[in-house]
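What follows is a single structure, written as structure tokens, with notes after it.
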Amino acid sequence: MTTQLRPTAGYVMLEVLVTIVILVFGLLGLAGFQLRTSVAEHEAYQRVQALILVQDMTERIYANRANAAAYVEDDVGSSGTKRTDCADVTGNARDTCEWHNALVGASETLDSKSVGALLGGRGCITAGAANEYVVTVVWQGFMPTVAPEATCGENNYGNELLRRAVSMRVQ
């Protein structure tokens with residue numbers, strides 16, 4: 001008695017293995033897409049926070065136009081810790097103190113550490129042309145892009161391609 005081999009034996013198993021491989025690559029691609037989306041969302045959140053902080057200081061300077069030159073300061077928020085109670089100071093010193101605390105995220109704490117702000121947030125107020133000031137907020141991003149033109153916070157984030165900046169002119 002002779003047995004004949006069936007020519008289709010094993011094809012089902014091969015098809016299942018190919019399907020599993022295709023499915024695994026698809027799932028890995030989906031996981032990578034999810035990771036990139038999460039990073040982009042966090043970058044966008046930080047940019048919005050920086051814009052709010054720039055607008056805050058811009059409005060403070062507008063409200064105290066007569067003393068606008070007194071606001072010029074570099075590296076506000078660089079210490080990363082909350083300043084003392086801002087109620088003890090007045091005028092532009094109070095505005096700068098409160099802005100510093102907002103930059104370092106003093107409004108939200110976790111185990112006595114400020115966590116409610118930008119990653120490495122710093123602010124600069126520079127004098128430009130006559131009666132013109134530039135308010136800049138910088139922070140550290142997650143993915144390298146292009147180094148910003150603003151000089152605020154230069155060389156403080158390890159890689160200039162990670163430094164982000166938003167600026168607004170006050171006149």
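Ordered as shown in the structure tokens, chains take letters A, B, and onward, while each chain numbers its residues from 1 and ligands are numbered from 1 in the order shown.
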If we count only C-alpha atoms, what is near stretch 49-58 of chain A at a cut-off of 12 Å, once residues fewer than 3 positions away on the same chain are taken out, given as an MDAnalysis selection string? chainID A and resid 42:46 61:65 68 71:73 76:77 92 94:105 116:126 132:141 164:171
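Counting from atom CA of A:Glu160, the distance to atom CA of A:Val146 is 7.9 Å.
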Can you check which residues of chain A DSSP gives as strand (DSSP E) on the backbone and send them as a ChimeraX atom specification? /A:73-76,109-110,113-114,122-127,133-140,163-170
What's the 10 Å shell around A:Met143, counting only C-alpha atoms, without same-chain residues fewer than 5 positions away, as number ranges by chain? A: 36, 39-40, 43, 161-163
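Counting only C-alpha atoms, the residue from A:Leu30, A:Thr84, A:Gly91, A:Ser38 that sits nearest to A:Arg60 is A:Gly91.
If you measure from each of A:Ala69, A:Leu14, A:Asn155, A:Glu41 to A:Ala129 using only C-alpha atoms, the closest one turns out to be A:Ala69.
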Go through stretch 3-100 of chain A and collect every residue that DSSP, computed from the backbone, puts in alpha helix (DSSP H); the answer should be as a PyMOL selection string. chain A and resi 11-63+91-100
Please save C-alpha atoms of the selected residues as a compact mmCIF listing (two decimals), in the first residue's frame.
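result.txt, written as the output of this step:
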# COMPACT_ATOMS: atom_id res chain seq x y z
CA TYR A 11 0.09 25.65 4.24
CA VAL A 12 -2.42 26.60 6.92
CA MET A 13 0.32 26.77 9.55
CA LEU A 14 2.46 28.92 7.26
CA GLU A 15 -0.45 31.29 6.61
CA VAL A 16 -1.07 31.64 10.35
CA LEU A 17 2.61 32.45 10.98
CA VAL A 18 2.66 35.08 8.21
CA THR A 19 -0.53 36.63 9.62
CA ILE A 20 1.00 36.80 13.10
CA VAL A 21 4.15 38.48 11.75
CA ILE A 22 2.09 41.08 9.86
CA LEU A 23 -0.05 41.69 12.94
CA VAL A 24 3.03 42.16 15.15
CA PHE A 25 4.53 44.74 12.77
CA GLY A 26 1.22 46.59 12.67
CA LEU A 27 0.96 46.67 16.45
CA LEU A 28 4.57 47.89 16.78
CA GLY A 29 3.80 50.66 14.29
CA LEU A 30 0.71 51.61 16.27
CA ALA A 31 2.71 51.73 19.53
CA GLY A 32 5.33 53.97 17.89
CA PHE A 33 2.61 56.26 16.57
CA GLN A 34 1.06 56.46 20.06
CA LEU A 35 4.43 57.40 21.56
CA ARG A 36 5.00 60.17 19.02
CA THR A 37 1.48 61.47 19.56
CA SER A 38 2.03 61.59 23.30
CA VAL A 39 5.29 63.53 22.89
CA ALA A 40 3.64 65.97 20.46
CA GLU A 41 0.75 66.49 22.86
CA HIS A 42 3.11 67.27 25.74
CA GLU A 43 5.14 69.67 23.58
CA ALA A 44 1.92 71.48 22.60
CA TYR A 45 0.82 71.67 26.24
CA GLN A 46 4.15 73.21 27.23
CA ARG A 47 3.95 75.74 24.39
CA VAL A 48 0.48 76.83 25.54
CA GLN A 49 1.76 77.22 29.11
CA ALA A 50 4.68 79.33 27.84
CA LEU A 51 2.31 81.54 25.84
CA ILE A 52 0.17 82.09 28.93
CA LEU A 53 3.26 83.07 30.94
CA VAL A 54 4.47 85.46 28.24
CA GLN A 55 1.03 87.06 28.03
CA ASP A 56 0.90 87.36 31.83
CA MET A 57 4.13 89.33 32.04
CA THR A 58 3.23 91.41 28.98
CA GLU A 59 0.01 92.49 30.68
CA ARG A 60 1.88 93.29 33.90
CA ILE A 61 4.28 95.55 31.99
CA TYR A 62 1.39 97.24 30.16
CA ALA A 63 -0.30 97.88 33.50
CA GLY A 91 5.32 97.09 42.03
CA ASN A 92 7.51 95.51 39.40
CA ALA A 93 9.39 93.49 42.04
CA ARG A 94 6.13 91.79 43.01
CA ASP A 95 5.23 91.18 39.37
CA THR A 96 8.63 89.60 38.72
CA CYS A 97 8.40 87.53 41.92
CA GLU A 98 4.97 86.17 40.98
CA TRP A 99 6.11 85.50 37.41
CA HIS A 100 9.16 83.64 38.73
